[in-house]
Amino acid sequence: MTYTQLKIFVAIAEIGNLTKAAKKLGITQSAASSALAKLELLNQAKLFKRNGRALILSEIGEQFLPAAKHALKATSEASHILTRLSGNVAGELKIAASQTIANYWLPEKLAKFQKIYPEIKLRVSISNTVGVESSLIGDLAQIGLIEGNTRNRLLEVSHVEFDQPVLVIAKDKYQTLNLPMSRTTIEQIPWIVRESGSGTRAILENLLETQKIKWNSINVVLELPSNEAIRQAVEAGAGATIISKYVVDASIRNGTLTPIPLQIPKRSFQLVIQKSHEQTDAQRAFINFMKGTT
């Protein structure tokens, strides 16, 4: 029997569904089915019983499962030891990052990481904060990077960077605002916002909460799905927004956007992983690099 066959067997046993197990492992359903069939044929033993679409361990499968898990763990530990001794870390790492992080902060970090670990292939997907959390829980990503905290108890977060949000408006619209900022001004500003579930929108939501202002009391004129669309809409004079300084720094420097004085707390860029999952060498290398311990 092979390591792959054991891995597929354990995944099916834990999930109870061949299709979902194959998806979690990143292989096709036919490949998983073939591996399981070969394992059963090799040992002349039925490891599962069918119950509708579900696969339930047979008596032999139940007795075999602890040994299969032990074999996988031992193989994984041996691989980690050999990797450390050789000094080479390889593999593929799937990263899910929120828009601000993925587009403005992360690329430089990834370039530096790959110079240190050229054998690790990085695959990055972009979503909002809620989407990143879903990718981790659904095993579509091994590392998440989000703006702010998560309330999901299955996830563990670590601070990696601070970000300063700013309130900006088109330069030629600055004089039309009632300054200094007040509760009335906040309610009357034509706001351009991101979609619900994004870390960028959460900045404004948190500000309103501290000011005891309800969301439906403010004047939202545009809701857009990306930071770039928001920046361009604000530059065109459609309204104001609160957004990461990373996104609008160049526009502020070239004079197309003007920052409005407003005390907005810094927020944290967080690295997120599943608490219960065993980390690969590639994951450990990336986490240590992001925390500055590499």
# chains A, B, ... in the order shown; residues from 1 in each chain; ligands from 1

call {"tool": "residues_around", "arguments": {"residues": "stretch 119-131 of chain A", "least_positions_apart": "2", "cutoff": "7 Å", "atoms": "only C-alpha atoms", "output": "ChimeraX atom specification"}}
result
/A:89-99,102,117,133-135,146-147,197-199,282

call {"tool": "write_last_selection", "arguments": {"atoms": "C-alpha atoms", "output": "PDB file, in the first residue's frame"}}
result
ATOM      1  CA  VAL A  89      11.659  23.301   2.026  1.00  0.00           C
ATOM      2  CA  ALA A  90       9.428  22.540  -0.929  1.00  0.00           C
ATOM      3  CA  GLY A  91       5.752  22.103  -1.731  1.00  0.00           C
ATOM      4  CA  GLU A  92       2.719  24.168  -2.643  1.00  0.00           C
ATOM      5  CA  LEU A  93       1.092  26.745  -0.403  1.00  0.00           C
ATOM      6  CA  LYS A  94      -2.414  28.045  -1.020  1.00  0.00           C
ATOM      7  CA  ILE A  95      -2.967  31.534   0.384  1.00  0.00           C
ATOM      8  CA  ALA A  96      -6.270  33.400   0.573  1.00  0.00           C
ATOM      9  CA  ALA A  97      -5.941  37.142   1.128  1.00  0.00           C
ATOM     10  CA  SER A  98      -8.337  40.048   1.392  1.00  0.00           C
ATOM     11  CA  GLN A  99      -8.192  42.691  -1.354  1.00  0.00           C
ATOM     12  CA  ALA A 102      -3.377  40.988  -1.719  1.00  0.00           C
ATOM     13  CA  TYR A 117      12.278  29.486  -0.457  1.00  0.00           C
ATOM     14  CA  GLU A 133     -12.405  32.709   6.374  1.00  0.00           C
ATOM     15  CA  SER A 134     -14.632  30.474   4.241  1.00  0.00           C
ATOM     16  CA  SER A 135     -11.653  29.364   2.143  1.00  0.00           C
ATOM     17  CA  ILE A 146      -7.241  39.415   6.606  1.00  0.00           C
ATOM     18  CA  GLU A 147      -7.798  42.954   7.848  1.00  0.00           C
ATOM     19  CA  GLY A 197     -18.215  41.306   4.833  1.00  0.00           C
ATOM     20  CA  SER A 198     -15.167  43.284   3.677  1.00  0.00           C
ATOM     21  CA  GLY A 199     -12.540  44.578   6.088  1.00  0.00           C
ATOM     22  CA  ALA A 282       5.882  25.188   3.743  1.00  0.00           C
TER      23      ALA A 282
END

call {"tool": "residues_around", "arguments": {"residues": "A:Ser244", "least_positions_apart": "6", "cutoff": "10 Å", "atoms": "only C-alpha atoms", "output": "count of residues only"}}
result
15

call {"tool": "residues_around", "arguments": {"residues": "A:His159", "least_positions_apart": "5", "cutoff": "7 Å", "atoms": "only C-alpha atoms", "output": "MDAnalysis selection string"}}
result
chainID A and resid 268:271

call {"tool": "select_by_dssp", "arguments": {"residues": "stretch 79-192 of chain A", "states": "strand (DSSP E or B)", "output": "JSON, numbers by chain"}}
result
{"A": [91, 92, 93, 94, 95, 96, 97, 98, 120, 121, 122, 123, 124, 125, 126, 127, 143, 144, 145, 146, 147, 155, 156, 157, 158, 159, 160, 161, 162, 163, 165, 166, 167, 168, 169, 170, 190, 191, 192]}

call {"tool": "residues_around", "arguments": {"residues": "A:Tyr3", "least_positions_apart": "2", "cutoff": "12 Å", "atoms": "only C-alpha atoms", "output": "number ranges by chain"}}
result
A: 1, 5-10, 35-36, 39, 68-76, 79

call {"tool": "atom_distance", "arguments": {"atom1": "atom CA of A:Ala67", "atom2": "atom CA of A:Gln283"}}
result
26.0 Å
